[in-house]
Structure formats: structure tokens, C-alpha cells
file entry20.cif (mmCIF, C-alpha atoms)
data_query
loop_
_atom_site.label_atom_id
_atom_site.label_comp_id
_atom_site.auth_asym_id
_atom_site.auth_seq_id
_atom_site.Cartn_x
_atom_site.Cartn_y
_atom_site.Cartn_z
CA MET K 1 21.10 -7.91 13.87
CA VAL K 2 17.55 -8.68 12.81
CA ARG K 3 17.45 -11.46 15.42
CA ARG K 4 18.24 -8.79 17.99
CA LEU K 5 15.46 -6.51 16.69
CA LEU K 6 12.90 -9.33 16.67
CA ALA K 7 13.92 -10.78 20.05
CA ASP K 8 10.98 -10.73 22.49
CA ARG K 9 8.78 -9.66 19.59
CA GLY K 10 5.62 -10.02 21.69
CA ASP K 11 2.67 -9.19 19.48
CA LEU K 12 4.65 -7.20 16.91
CA LEU K 13 3.32 -7.44 13.34
CA VAL K 14 6.17 -7.57 10.83
CA VAL K 15 6.24 -6.76 7.12
CA ALA K 16 9.58 -7.70 5.56
CA GLY K 17 10.62 -6.23 2.20
CA LEU K 18 11.83 -8.54 -0.56
CA GLY K 19 15.34 -9.92 -0.47
CA ALA K 20 17.62 -9.89 2.54
CA PRO K 21 15.09 -8.41 4.99
CA ALA K 22 12.68 -11.26 4.19
CA TRP K 23 15.42 -13.87 4.57
CA ASP K 24 16.71 -12.29 7.80
CA ALA K 25 13.24 -12.02 9.31
CA THR K 26 12.72 -15.71 8.52
CA ASP K 27 16.13 -16.60 9.92
CA ALA K 28 15.07 -14.94 13.18
CA GLY K 29 12.13 -17.37 13.22
CA ASP K 30 9.38 -17.90 10.65
CA HIS K 31 6.18 -16.61 12.22
CA PRO K 32 2.59 -16.33 11.00
CA LEU K 33 2.61 -12.63 11.91
CA ASN K 34 5.50 -12.02 9.52
CA PHE K 35 4.50 -11.01 5.99
CA PRO K 36 7.67 -11.53 3.92
CA LEU K 37 7.44 -10.07 0.44
CA TRP K 38 8.62 -11.76 -2.72
CA GLY K 39 7.68 -8.84 -4.95
CA GLY K 40 5.83 -5.52 -4.92
CA MET K 41 9.13 -3.70 -4.67
CA GLY K 42 8.57 -0.23 -3.29
CA GLY K 43 5.41 -1.27 -1.48
CA ALA K 44 6.64 -2.49 1.92
CA ALA K 45 6.19 0.78 3.80
CA ALA K 46 2.71 1.35 2.33
CA ILE K 47 1.72 -2.20 3.28
CA GLY K 48 2.86 -1.41 6.80
CA LEU K 49 0.76 1.76 6.76
CA GLY K 50 -2.40 -0.08 5.70
CA LEU K 51 -1.83 -2.65 8.42
CA ALA K 52 -1.06 -0.03 11.08
CA LEU K 53 -4.24 1.89 10.19
CA ALA K 54 -6.32 -1.30 10.33
CA GLN K 55 -4.84 -2.35 13.68
CA PRO K 56 -4.18 0.82 15.68
CA GLN K 57 -3.75 -1.16 18.91
CA ARG K 58 -0.93 -3.29 17.52
CA ARG K 59 2.69 -2.34 16.91
CA VAL K 60 3.74 -2.73 13.28
CA LEU K 61 7.31 -3.03 12.00
CA VAL K 62 8.31 -2.64 8.36
CA LEU K 63 11.77 -4.15 7.93
CA THR K 64 13.13 -3.42 4.50
CA GLY K 65 16.17 -2.70 2.35
CA ASP K 66 17.58 0.55 1.00
CA GLY K 67 16.76 -0.25 -2.62
CA GLU K 68 13.21 -1.28 -1.77
CA LEU K 69 12.60 1.83 0.31
CA LEU K 70 14.08 4.10 -2.37
CA MET K 71 11.59 2.69 -4.89
CA GLY K 72 8.75 3.73 -2.60
CA MET K 73 10.19 6.92 -1.14
CA GLY K 74 6.94 8.79 -1.69
CA SER K 75 5.24 6.49 0.78
CA LEU K 76 7.25 8.19 3.54
CA ALA K 77 5.24 11.34 2.79
CA THR K 78 2.01 9.36 2.71
CA ILE K 79 2.90 7.90 6.12
CA GLY K 80 3.90 11.33 7.43
CA VAL K 81 0.46 12.74 6.61
CA GLN K 82 -1.35 9.85 8.38
CA ARG K 83 1.07 9.86 11.39
CA PRO K 84 0.31 6.33 12.67
CA ARG K 85 1.70 6.12 16.21
CA ASN K 86 2.09 2.37 16.01
CA LEU K 87 4.29 2.14 12.89
CA SER K 88 8.07 1.73 12.65
CA VAL K 89 10.04 1.58 9.39
CA VAL K 90 13.54 0.13 9.73
CA VAL K 91 15.84 0.07 6.71
CA LEU K 92 18.66 -2.48 6.64
CA ASP K 93 21.00 -0.33 4.59
CA ASN K 94 23.80 -2.31 3.00
CA GLU K 95 24.03 0.27 0.20
CA ARG K 96 23.39 -2.49 -2.33
CA TYR K 97 20.73 -4.06 -4.51
CA GLY K 98 21.34 -7.45 -2.95
CA GLU K 99 19.20 -9.69 -5.12
CA THR K 100 20.59 -8.60 -8.46
CA GLY K 101 24.33 -8.81 -7.90
CA MET K 102 25.15 -6.41 -5.07
CA GLN K 103 25.19 -3.29 -7.26
CA ALA K 104 25.50 -0.01 -5.39
CA SER K 105 22.30 1.76 -4.38
CA HIS K 106 21.78 5.49 -3.93
CA THR K 107 22.69 5.27 -0.25
CA ALA K 108 26.19 4.20 -1.28
CA PHE K 109 26.46 7.68 -2.80
CA GLY K 110 25.46 9.36 0.44
CA ILE K 111 21.68 9.62 0.10
CA ASP K 112 20.36 10.05 3.64
CA LEU K 113 17.06 8.22 4.03
CA ALA K 114 16.73 9.19 7.70
CA ALA K 115 16.83 12.86 6.68
CA VAL K 116 14.12 12.19 4.08
CA ALA K 117 11.95 10.48 6.71
CA LYS K 118 12.43 13.37 9.15
CA ALA K 119 11.41 15.83 6.45
CA CYS K 120 8.34 13.66 5.79
CA GLY K 121 7.12 14.04 9.34
CA PHE K 122 8.38 10.92 11.10
CA VAL K 123 8.47 11.61 14.84
CA SER K 124 11.89 10.02 15.10
CA ALA K 125 14.28 9.30 12.22
CA THR K 126 17.81 8.18 12.99
CA MET K 127 20.86 6.64 11.41
CA VAL K 128 21.88 3.57 13.43
CA THR K 129 25.50 2.45 13.48
CA THR K 130 26.17 1.06 16.98
CA ILE K 131 24.92 -1.90 18.98
CA GLU K 132 23.67 0.44 21.70
CA GLN K 133 21.54 2.27 19.14
CA VAL K 134 20.17 -1.09 17.94
CA ARG K 135 19.15 -1.90 21.52
CA ARG K 136 17.37 1.44 21.87
CA LEU K 137 15.71 0.87 18.52
CA GLN K 138 14.44 -2.53 19.62
CA THR K 139 12.81 -0.92 22.66
CA GLY K 140 11.43 1.87 20.51
CA LEU K 141 9.67 -0.61 18.21
CA HIS K 142 7.44 -1.54 21.12
CA ARG K 143 7.18 1.68 23.10
CA ALA K 144 7.98 4.79 21.12
CA GLU K 145 5.28 7.04 19.72
CA GLY K 146 5.66 6.73 15.99
CA PRO K 147 5.90 6.90 13.17
CA LEU K 148 9.47 5.90 13.78
CA PHE K 149 12.20 5.50 11.15
CA ALA K 150 15.68 4.02 11.44
CA GLN K 151 18.35 3.59 8.79
CA VAL K 152 20.63 0.83 10.06
CA LYS K 153 23.96 0.63 8.26
CA VAL K 154 24.84 -3.04 7.78
CA ALA K 155 27.77 -4.77 6.12
CA PRO K 156 27.02 -6.05 2.59
CA ASP K 157 27.65 -9.67 3.57
CA LYS K 158 26.00 -12.42 1.60
CA LEU K 159 24.48 -14.48 4.39
CA PRO K 160 22.96 -17.92 3.82
CA LEU K 161 19.43 -17.70 2.46
CA VAL K 162 16.67 -18.73 4.84
CA LEU K 163 13.58 -18.72 2.68
CA PRO K 164 10.06 -18.09 3.93
CA PRO K 165 7.08 -19.71 2.20
CA ARG K 166 6.56 -18.16 -1.22
CA ASP K 167 2.84 -18.86 -1.60
CA GLY K 168 1.41 -15.35 -1.16
CA ALA K 169 -2.09 -16.62 -0.44
CA LEU K 170 -0.78 -18.86 2.32
CA LEU K 171 1.24 -16.02 3.82
CA LYS K 172 -1.80 -13.73 3.70
CA ASP K 173 -4.21 -16.32 5.15
CA ARG K 174 -1.99 -17.50 7.97
CA PHE K 175 -1.32 -13.86 8.93
CA ARG K 176 -5.04 -13.03 8.96
CA GLN K 177 -5.96 -16.16 10.87
CA ALA K 178 -3.24 -15.54 13.47
CA LEU K 179 -4.29 -11.89 13.83
CA LEU K 180 -8.06 -12.00 13.33
CA GLY K 181 -8.95 -15.57 14.27
CA THR K 182 -10.82 -18.09 12.14
CA ASP K 183 -13.65 -15.55 11.67
CA ALA K 184 -11.32 -14.02 9.08
CA CYS K 185 -12.18 -16.92 6.77
CA PHE K 186 -15.79 -15.75 6.76
CA GLN K 187 -15.24 -12.00 6.28
CA ARG K 188 -17.40 -10.58 3.49
CA MET I 189 -16.60 20.27 -9.54
CA LYS I 190 -20.04 20.17 -7.97
CA THR I 191 -20.90 17.40 -5.53
CA THR I 192 -22.68 14.96 -7.73
CA HIS I 193 -25.59 12.80 -6.68
CA TRP I 194 -23.75 9.63 -7.52
CA SER I 195 -20.76 10.65 -5.35
CA ARG I 196 -23.04 10.76 -2.32
CA ARG I 197 -24.46 7.38 -3.19
CA LEU I 198 -20.99 5.91 -3.70
CA HIS I 199 -19.99 7.18 -0.26
CA GLN I 200 -23.08 5.52 1.21
CA LEU I 201 -22.25 2.34 -0.70
CA PHE I 202 -18.77 2.29 0.85
CA LYS I 203 -20.32 2.50 4.31
CA GLN I 204 -22.87 -0.23 3.53
CA GLN I 205 -20.14 -2.52 2.23
CA GLY I 206 -17.95 -2.01 5.29
CA ILE I 207 -15.12 -0.20 3.53
CA ARG I 208 -12.70 1.31 6.07
CA GLN I 209 -9.79 2.77 4.08
CA VAL I 210 -10.18 4.91 0.93
CA SER I 211 -7.00 5.87 -0.90
CA PHE I 212 -6.50 8.34 -3.75
CA VAL I 213 -4.22 10.71 -5.55
CA PRO I 214 -6.32 13.90 -5.65
CA ASP I 215 -8.37 13.87 -8.86
CA ALA I 216 -11.05 16.17 -10.26
CA GLY I 217 -13.44 13.41 -11.25
CA HIS I 218 -13.36 11.95 -7.75
CA SER I 219 -13.15 15.26 -5.90
CA ALA I 220 -16.68 15.18 -4.48
CA LEU I 221 -16.34 11.59 -3.31
CA ILE I 222 -12.88 12.27 -1.85
CA GLY I 223 -14.32 15.21 0.09
CA LEU I 224 -17.11 13.06 1.52
CA CYS I 225 -14.66 10.36 2.58
CA GLU I 226 -12.27 12.85 4.16
CA ALA I 227 -15.12 14.39 6.14
CA ASP I 228 -16.28 11.01 7.44
CA PRO I 229 -14.69 10.09 10.78
CA GLU I 230 -15.53 6.42 10.25
CA LEU I 231 -13.39 6.22 7.14
CA ARG I 232 -9.63 6.61 6.86
CA ALA I 233 -8.94 8.66 3.71
CA VAL I 234 -5.33 8.22 2.65
CA ARG I 235 -3.73 10.74 0.32
CA LEU I 236 -1.15 8.96 -1.87
CA THR I 237 1.88 10.34 -3.69
CA THR I 238 1.42 7.75 -6.42
CA GLU I 239 -1.41 5.32 -7.09
CA GLU I 240 0.66 2.15 -6.63
CA GLU I 241 0.90 3.01 -2.93
CA GLY I 242 -2.85 2.42 -2.82
CA ILE I 243 -2.41 -1.16 -4.02
CA ALA I 244 0.20 -1.84 -1.34
CA LEU I 245 -1.94 -0.04 1.25
CA ALA I 246 -4.84 -2.34 0.35
CA VAL I 247 -2.66 -5.42 0.95
CA GLY I 248 -1.71 -4.15 4.40
CA ALA I 249 -5.26 -3.11 5.17
CA TRP I 250 -6.55 -6.59 4.27
CA LEU I 251 -3.89 -8.28 6.39
CA GLY I 252 -5.26 -6.19 9.24
CA GLY I 253 -8.89 -6.99 8.46
CA ASP I 254 -9.86 -3.73 6.71
CA LYS I 255 -11.60 -3.50 3.34
CA SER I 256 -10.36 -0.65 1.14
CA VAL I 257 -11.13 1.12 -2.12
CA LEU I 258 -8.65 2.87 -4.44
CA LEU I 259 -9.88 5.94 -6.34
CA MET I 260 -7.77 7.01 -9.30
CA GLN I 261 -7.68 8.46 -12.77
CA SER I 262 -6.89 6.24 -15.74
CA SER I 263 -3.39 7.73 -15.90
CA GLY I 264 -2.81 6.38 -12.40
CA VAL I 265 -3.69 2.86 -13.46
CA GLY I 266 -0.44 2.79 -15.41
CA ASN I 267 1.46 3.50 -12.21
CA CYS I 268 -0.04 0.46 -10.50
CA ILE I 269 0.84 -2.40 -12.75
CA ASN I 270 3.71 -4.21 -11.06
CA MET I 271 2.27 -3.62 -7.61
CA ALA I 272 -0.98 -5.18 -8.82
CA SER I 273 0.88 -8.50 -9.12
CA MET I 274 0.57 -8.83 -5.36
CA LEU I 275 -3.22 -8.84 -5.53
CA CYS I 276 -3.30 -12.08 -7.50
CA ALA I 277 -0.15 -13.59 -6.00
CA CYS I 278 -1.61 -13.16 -2.51
CA ARG I 279 -5.35 -13.32 -3.38
CA VAL I 280 -6.05 -9.94 -1.85
CA PRO I 281 -9.37 -8.34 -2.80
CA LEU I 282 -9.54 -4.70 -3.89
CA ALA I 283 -12.12 -2.53 -5.63
CA MET I 284 -10.82 0.30 -7.79
CA LEU I 285 -12.91 3.19 -9.16
CA VAL I 286 -11.22 4.75 -12.18
CA THR I 287 -12.19 8.07 -13.76
CA MET I 288 -11.36 7.94 -17.43
CA ARG I 289 -9.25 10.40 -19.36
CA GLY I 290 -8.45 10.21 -23.03
CA ASP I 291 -11.66 8.51 -24.08
CA TRP I 292 -14.11 11.38 -24.84
CA ALA I 293 -13.42 14.93 -26.03
CA GLU I 294 -9.98 14.84 -24.41
CA PHE I 295 -7.98 18.06 -24.86
CA ASN I 296 -4.62 16.75 -23.65
CA PRO I 297 -2.88 14.38 -26.08
CA TRP I 298 -0.65 13.01 -23.33
CA GLN I 299 -3.68 11.47 -21.63
CA VAL I 300 -4.80 9.43 -24.60
CA PRO I 301 -2.28 6.56 -24.66
CA MET I 302 -2.94 5.47 -21.08
CA GLY I 303 -6.68 6.09 -21.34
CA HIS I 304 -6.75 3.92 -24.43
CA ALA I 305 -4.72 1.18 -22.75
CA THR I 306 -6.43 1.19 -19.34
CA GLN I 307 -8.94 -1.61 -19.80
CA ASN I 308 -6.55 -3.96 -21.56
CA VAL I 309 -3.76 -3.36 -19.09
CA LEU I 310 -6.01 -4.06 -16.12
CA GLU I 311 -7.37 -7.21 -17.72
CA GLU I 312 -3.84 -8.40 -18.46
CA MET I 313 -3.29 -8.21 -14.69
CA ASP I 314 -6.41 -10.36 -14.05
CA VAL I 315 -8.47 -7.45 -12.79
CA LEU I 316 -12.21 -7.85 -13.44
CA VAL I 317 -13.20 -4.71 -15.36
CA SER I 318 -16.61 -3.11 -15.80
CA ARG I 319 -17.42 0.23 -17.36
CA ALA I 320 -20.12 2.84 -16.74
CA ASP I 321 -21.05 5.11 -19.62
CA ARG I 322 -24.50 6.10 -18.30
CA GLU I 323 -24.97 7.93 -15.03
CA GLU I 324 -27.59 5.47 -13.77
CA ASP I 325 -25.07 2.64 -14.12
CA ILE I 326 -22.34 4.11 -11.91
CA VAL I 327 -23.62 3.11 -8.49
CA PRO I 328 -24.99 -0.35 -9.45
CA LEU I 329 -21.76 -1.23 -11.24
CA ALA I 330 -19.68 0.09 -8.35
CA GLU I 331 -21.68 -2.10 -6.01
CA GLY I 332 -21.06 -5.02 -8.33
CA ALA I 333 -17.33 -4.34 -8.35
CA LEU I 334 -17.15 -4.10 -4.56
CA ARG I 335 -19.18 -7.23 -4.07
CA ILE I 336 -17.34 -9.35 -6.61
CA ALA I 337 -13.97 -8.19 -5.27
CA TYR I 338 -14.71 -9.03 -1.65
CA ASN I 339 -16.85 -12.11 -2.33
CA THR I 340 -14.42 -13.75 -4.72
CA LEU I 341 -11.10 -12.36 -3.38
CA ARG I 342 -10.17 -10.70 -6.68
CA PRO I 343 -9.23 -7.23 -7.81
CA ALA I 344 -12.09 -5.49 -9.63
CA ALA I 345 -12.22 -2.10 -11.35
CA LEU I 346 -15.08 0.12 -12.47
CA LEU I 347 -14.14 2.56 -15.23
CA ILE I 348 -16.27 5.72 -15.20
CA GLY I 349 -16.45 7.12 -18.72
CA GLN I 350 -15.10 10.61 -19.34
CA ARG I 351 -18.35 11.75 -20.91
CA LEU I 352 -20.01 11.36 -17.48
CA LEU I 353 -17.45 13.60 -15.84
CA GLY I 354 -17.13 16.34 -18.45
CA ALA I 355 -13.85 16.84 -20.24
CA LYS I 356 -11.31 19.26 -18.75
CA THR I 357 -11.07 22.15 -21.22
CA PHE I 358 -7.95 24.02 -20.01
CA GLU I 359 -9.80 27.33 -20.34
CA ASN I 360 -9.92 30.10 -17.73
#
call {"tool": "encode", "arguments": {"input": "entry20.cif", "output": "C-alpha cells"}}
result
Amino acid sequence: MVRRLLADRGDLLVVAGLGAPAWDATDAGDHPLNFPLWGGMGGAAAIGLGLALAQPQRRVLVLTGDGELLMGMGSLATIGVQRPRNLSVVVLDNERYGETGMQASHTAFGIDLAAVAKACGFVSATMVTTIEQVRRLQTGLHRAEGPLFAQVKVAPDKLPLVLPPRDGALLKDRFRQALLGTDACFQR
Amino acid sequence: MKTTHWSRRLHQLFKQQGIRQVSFVPDAGHSALIGLCEADPELRAVRLTTEEEGIALAVGAWLGGDKSVLLMQSSGVGNCINMASMLCACRVPLAMLVTMRGDWAEFNPWQVPMGHATQNVLEEMDVLVSRADREEDIVPLAEGALRIAYNTLRPAALLIGQRLLGAKTFEN
């Protein structure tokens, strides 16, 4: 599903929350303009906001999990106040905390993250359950006026791990060099 | 709280140092500086629901080429600790300006534990900490914190002593 979302990614900038979203983003193709997280749980959406504000001409996708998003739910309000048109937040909702034994998350009990995002001022906030909706979402990542939110219900399968690099400094530097050029090394 | 002279100079310092994003949870000690940043069309002032968002925001900002500053009260430092791991794990620079509670004439007992712990907790997370207890030190030390953060790719924090801000008295 993530491969479908990242197909024809063009110049999309991607922040992937820790766990399955980071593995899935890497499985779709490791890329210098992916920033896969290995920690900072709860921070993915706010990272996406900082990036979107710094690069208003670029489309930014935050791809994260339900548990990770729940830990940073307040950031939806922070994003709603800033209203970055170039930001999309997509939650891969398997209703589980995948990295710690597949325990149920709040969404397994019916918590509706899309409704929270809508209340926080996201221009579009939808629950995604069909392939057709995934296709429309993929187009929306590149074209829609954001901020855009999608809660994509996915099966809690344990897929093979495809690990990105775990050196945070390398991830940060290769992202900056790919985005900003080698001048980034000299920024003061 | 009146606009203080050093708030204006801090705002100018941010501009001189090329800061683009300023994040904060609204705070009395920083209120003048927050107002100046919000009124400045060249800065993006980001209102946070919790201070740890400001750490994550700074990571994203830096990925995108923007320098940022996080303004918070000492109580907010406690909210930042795990998120601050990313700053060292990814070598992302960030300057933090922290208004102190619980360290001078504090009225509210619930502020004291975190105020007392603030410096140690930041240093445990490899943040370079300096502290201003005289008004004339605020701007030079803030400049030092900004420069060392962005020159050496480290997190750095300036603690502004409560005595410089006046203690909240909870009186009408």
C-alpha cells in the first residue's frame, strides 16, 4: 500500500514515523529525501510541519502509525493553526503498537483520528478503506491544498522488516544535501 | 508584562542570526518576545500545544534548511526530554531560551521540582547550558547559545533566572 502511495513520488519529501511506516517507506525504495525515524515517538507530524514551513514550495508527506500519531495528537492542533498547504499526514492504522508486540491501540477501540484532524482544522481528513480511495489519496499528496489528513485502515500483518539506515546524522545530512545541495554543509 | 528592552534585542538577535522559525507554548516571561516574533512577517511563530513539539519542529525545520529557536518555561523542559534524544542522535542544532520558575521567590510549590531539576536534566541530555542571572548577561549569553548551537551542531539552552522576570504572585 505504501508502495502505491510513494509511486511516482516526484519531489515529495517524506517523514516516516518509527516502526512499520519507516520499514514500509524503505521497502518502497530507500531514498535520501525520506527521513525514517527510529525514535522521537509522537514527533513525526511536528517534524513534517517544520519541514513544510521551511520548504513551502515542496510537498511534504508524513507517513506514520496510529500509536505514534496518538502520542503527538496535540501536533494536529499546532498544524491546524499554521495551515501549511503543502503538508499531508497519512496514518497507517493497524490498530496496534506494532513494535512492542502488536498490542491494541486506541483506534482499535474506535478512536477516530480523522475526526480529530478535521476538528483541528485540516482541510481534508478522511478514513481510507478502499483501493480507489488510496488512488485518490496518492493524487492528493501531490495536488490537494492541505493540510491533508488520511487514516488508512490496514491489516495488522507482520511484514518482513526492510530497515533504513539507523545513523540519524547520516539520514539528516543526506536529506539536507539532496534537498539543499552541498551548500548545506556550509550553513552557519 | 511590559515589553522589556532585552526582548527587543533578542528579537533583533534572532534576525541577525538568520533564525526563521520560533516556537513556544505561550509563557509570561517570554510574552514580549513572542509578540515581537508573531508581528514579524519574516519569522514563522509556531504556537505549540506542548514543548516537545518544538523539538520535533526544529528537526523538520533543519531538514528543510531553517534555523529555529524554542522558547519555553522551565516546566516545559520536562516535557521535552525524550524528544531531545533526536537532537544528539541526528546532530540537529537548536537553541532554547528557558524562563525559570521555582528558583527565586516562587509562590507555586508545584513549579519547584522541575525548576530545580532543569539544568541537570538538560545536561543529562547533552544540552550545553548557560544561565543569565543579571539583565546585562541575557542578550550576550543568548547570542552565545545561538552561535554555539549552529556552529557546533549541538543543542544549547540559556536559562533566564526567575529574579530577572519577577515572580508571579497570584494576587489580583
call {"tool": "closest_residue", "arguments": {"input": "entry20.cif", "among": "I:Asn308, I:Gln209, I:Ser219, I:Gln200", "to": "chain K", "atoms": "only C-alpha atoms"}}
result
I:Gln209
call {"tool": "interface_residues", "arguments": {"input": "entry20.cif", "of": "chain K", "to": "chain I", "cutoff": "10 Å", "atoms": "all atoms listed in the file", "output": "ChimeraX atom specification"}}
result
/K:13,15,33,35,37-56,58,72-79,81-82,166-177,179-180,184,186-188
call {"tool": "residues_around", "arguments": {"input": "entry20.cif", "residues": "Leu224 in chain I", "least_positions_apart": "4", "cutoff": "9 Å", "atoms": "only C-alpha atoms", "output": "PyMOL selection string"}}
result
chain I and resi 195-196+199+219-220+228
call {"tool": "write_last_selection", "arguments": {"input": "entry20.cif", "atoms": "C-alpha atoms", "output": "CSV table (one decimal), keeping the file's coordinate frame"}}
result
chain,number,residue,atom,x,y,z
I,195,SER,CA,-20.8,10.6,-5.4
I,196,ARG,CA,-23.0,10.8,-2.3
I,199,HIS,CA,-20.0,7.2,-0.3
I,219,SER,CA,-13.2,15.3,-5.9
I,220,ALA,CA,-16.7,15.2,-4.5
I,228,ASP,CA,-16.3,11.0,7.4
call {"tool": "resolve_selection", "arguments": {"input": "entry20.cif", "expression": "the PyMOL selection byres ((chain K and resi 122-139) around 9)", "output": "PyMOL selection string"}}
result
chain K and resi 1+4-7+76-77+79-80+83+85+112-121+140-154
call {"tool": "residues_near_point", "arguments": {"input": "entry20.cif", "point": "(-10.6, 13.1, -10.1)", "cutoff": "8 Å", "atoms": "only C-alpha atoms", "output": "number ranges by chain"}}
result
I: 214-219, 260-261, 287
call {"tool": "atom_distance", "arguments": {"input": "entry20.cif", "atom1": "CA of Leu346 in chain I", "atom2": "CA of Ala330 in chain I"}}
result
6.2 Å
call {"tool": "residues_around", "arguments": {"input": "entry20.cif", "residues": "range 92-102 of chain K", "least_positions_apart": "6", "cutoff": "10 Å", "atoms": "all atoms listed in the file", "output": "PDB file with C-alpha atoms, in the frame of the given file"}}
result
ATOM      1  CA  MET K   1      21.100  -7.910  13.870  1.00  0.00           C
ATOM      2  CA  VAL K   2      17.550  -8.680  12.810  1.00  0.00           C
ATOM      3  CA  GLY K  17      10.620  -6.230   2.200  1.00  0.00           C
ATOM      4  CA  LEU K  18      11.830  -8.540  -0.560  1.00  0.00           C
ATOM      5  CA  GLY K  19      15.340  -9.920  -0.470  1.00  0.00           C
ATOM      6  CA  ALA K  20      17.620  -9.890   2.540  1.00  0.00           C
ATOM      7  CA  PRO K  21      15.090  -8.410   4.990  1.00  0.00           C
ATOM      8  CA  LEU K  63      11.770  -4.150   7.930  1.00  0.00           C
ATOM      9  CA  THR K  64      13.130  -3.420   4.500  1.00  0.00           C
ATOM     10  CA  GLY K  65      16.170  -2.700   2.350  1.00  0.00           C
ATOM     11  CA  ASP K  66      17.580   0.550   1.000  1.00  0.00           C
ATOM     12  CA  GLY K  67      16.760  -0.250  -2.620  1.00  0.00           C
ATOM     13  CA  GLU K  68      13.210  -1.280  -1.770  1.00  0.00           C
ATOM     14  CA  LEU K  69      12.600   1.830   0.310  1.00  0.00           C
ATOM     15  CA  ALA K 108      26.190   4.200  -1.280  1.00  0.00           C
ATOM     16  CA  PHE K 109      26.460   7.680  -2.800  1.00  0.00           C
ATOM     17  CA  GLY K 110      25.460   9.360   0.440  1.00  0.00           C
ATOM     18  CA  ILE K 111      21.680   9.620   0.100  1.00  0.00           C
ATOM     19  CA  LEU K 113      17.060   8.220   4.030  1.00  0.00           C
ATOM     20  CA  MET K 127      20.860   6.640  11.410  1.00  0.00           C
ATOM     21  CA  VAL K 128      21.880   3.570  13.430  1.00  0.00           C
ATOM     22  CA  ALA K 150      15.680   4.020  11.440  1.00  0.00           C
ATOM     23  CA  GLN K 151      18.350   3.590   8.790  1.00  0.00           C
ATOM     24  CA  VAL K 152      20.630   0.830  10.060  1.00  0.00           C
ATOM     25  CA  LYS K 153      23.960   0.630   8.260  1.00  0.00           C
ATOM     26  CA  VAL K 154      24.840  -3.040   7.780  1.00  0.00           C
ATOM     27  CA  ALA K 155      27.770  -4.770   6.120  1.00  0.00           C
ATOM     28  CA  PRO K 156      27.020  -6.050   2.590  1.00  0.00           C
ATOM     29  CA  ASP K 157      27.650  -9.670   3.570  1.00  0.00           C
ATOM     30  CA  LYS K 158      26.000 -12.420   1.600  1.00  0.00           C
TER      31      LYS K 158
END
call {"tool": "closest_residue", "arguments": {"input": "entry20.cif", "among": "I:Val300, I:Val257, I:Ala227, I:Leu198", "to": "Leu329 in chain I", "atoms": "all atoms listed in the file"}}
result
I:Leu198
call {"tool": "atom_distance", "arguments": {"input": "entry20.cif", "atom1": "CA of Gly266 in chain I", "atom2": "CA of His304 in chain I"}}
result
11.1 Å
call {"tool": "closest_residue", "arguments": {"input": "entry20.cif", "among": "K:Asp8, K:Gln103, K:Pro32, K:Val91", "to": "Ala178 in chain K", "atoms": "all atoms listed in the file"}}
result
K:Pro32
call {"tool": "residues_around", "arguments": {"input": "entry20.cif", "residues": "Leu61 in chain K", "least_positions_apart": "4", "cutoff": "7 Å", "atoms": "only C-alpha atoms", "output": "JSON, numbers by chain"}}
result
{"K": [12, 13, 14, 15, 87, 88, 89]}
call {"tool": "write_last_selection", "arguments": {"input": "entry20.cif", "atoms": "C-alpha atoms", "output": "PDB file, in the coordinates of the input"}}
result
ATOM      1  CA  LEU K  12       4.650  -7.200  16.910  1.00  0.00           C
ATOM      2  CA  LEU K  13       3.320  -7.440  13.340  1.00  0.00           C
ATOM      3  CA  VAL K  14       6.170  -7.570  10.830  1.00  0.00           C
ATOM      4  CA  VAL K  15       6.240  -6.760   7.120  1.00  0.00           C
ATOM      5  CA  LEU K  87       4.290   2.140  12.890  1.00  0.00           C
ATOM      6  CA  SER K  88       8.070   1.730  12.650  1.00  0.00           C
ATOM      7  CA  VAL K  89      10.040   1.580   9.390  1.00  0.00           C
TER       8      VAL K  89
END
call {"tool": "closest_residue", "arguments": {"input": "entry20.cif", "among": "I:Ile207, I:Asn267, I:Leu310, I:Thr192", "to": "Pro343 in chain I", "atoms": "all atoms listed in the file"}}
result
I:Leu310
call {"tool": "atom_distance", "arguments": {"input": "entry20.cif", "atom1": "CA of Thr26 in chain K", "atom2": "CA of Arg9 in chain K"}}
result
13.2 Å
call {"tool": "resolve_selection", "arguments": {"input": "entry20.cif", "expression": "the PyMOL selection byres ((chain I and resi 322-325) around 9)", "output": "list of chain:residue names"}}
result
I:Trp194, I:Arg319, I:Ala320, I:Asp321, I:Ile326, I:Val327, I:Pro328, I:Leu329, I:Ala330, I:Ile348, I:Gly349, I:Arg351, I:Leu352
call {"tool": "write_last_selection", "arguments": {"input": "entry20.cif", "atoms": "C-alpha atoms", "output": "PDB file, in the coordinates of the input"}}
result
ATOM      1  CA  TRP I 194     -23.750   9.630  -7.520  1.00  0.00           C
ATOM      2  CA  ARG I 319     -17.420   0.230 -17.360  1.00  0.00           C
ATOM      3  CA  ALA I 320     -20.120   2.840 -16.740  1.00  0.00           C
ATOM      4  CA  ASP I 321     -21.050   5.110 -19.620  1.00  0.00           C
ATOM      5  CA  ILE I 326     -22.340   4.110 -11.910  1.00  0.00           C
ATOM      6  CA  VAL I 327     -23.620   3.110  -8.490  1.00  0.00           C
ATOM      7  CA  PRO I 328     -24.990  -0.350  -9.450  1.00  0.00           C
ATOM      8  CA  LEU I 329     -21.760  -1.230 -11.240  1.00  0.00           C
ATOM      9  CA  ALA I 330     -19.680   0.090  -8.350  1.00  0.00           C
ATOM     10  CA  ILE I 348     -16.270   5.720 -15.200  1.00  0.00           C
ATOM     11  CA  GLY I 349     -16.450   7.120 -18.720  1.00  0.00           C
ATOM     12  CA  ARG I 351     -18.350  11.750 -20.910  1.00  0.00           C
ATOM     13  CA  LEU I 352     -20.010  11.360 -17.480  1.00  0.00           C
TER      14      LEU I 352
END
call {"tool": "residues_near_point", "arguments": {"input": "entry20.cif", "point": "(-8.9, 5.9, -16.5)", "cutoff": "7 Å", "atoms": "all atoms listed in the file", "output": "list in words"}}
result
Gln261, Ser262, Ser263, Val265, Val286, Thr287, Met288, Arg289, Gly303, Thr306 and Leu347 of chain I
call {"tool": "resolve_selection", "arguments": {"input": "entry20.cif", "expression": "the PyMOL selection byres ((chain I and resi 259) around 6)", "output": "list in words"}}
result
Phe212, Leu258, Met260, Met284 and Leu285 of chain I
call {"tool": "closest_residue", "arguments": {"input": "entry20.cif", "among": "I:Leu221, I:Asp314, I:Ala345, I:Asn296", "to": "Phe358 in chain I", "atoms": "only C-alpha atoms"}}
result
I:Asn296
call {"tool": "axis_aligned_box", "arguments": {"input": "entry20.cif", "around": "range 122-132 of chain K", "padding_each_side": "5 Å", "output": "JSON"}}
result
{"center_x": 17.3, "center_y": 4.9, "center_z": 16.4, "size_x": 27.8, "size_y": 23.5, "size_z": 20.6}
call {"tool": "closest_residue", "arguments": {"input": "entry20.cif", "among": "K:Val62, K:Met71, K:Ala16, K:Ala22", "to": "Pro164 in chain K", "atoms": "only C-alpha atoms"}}
result
K:Ala22
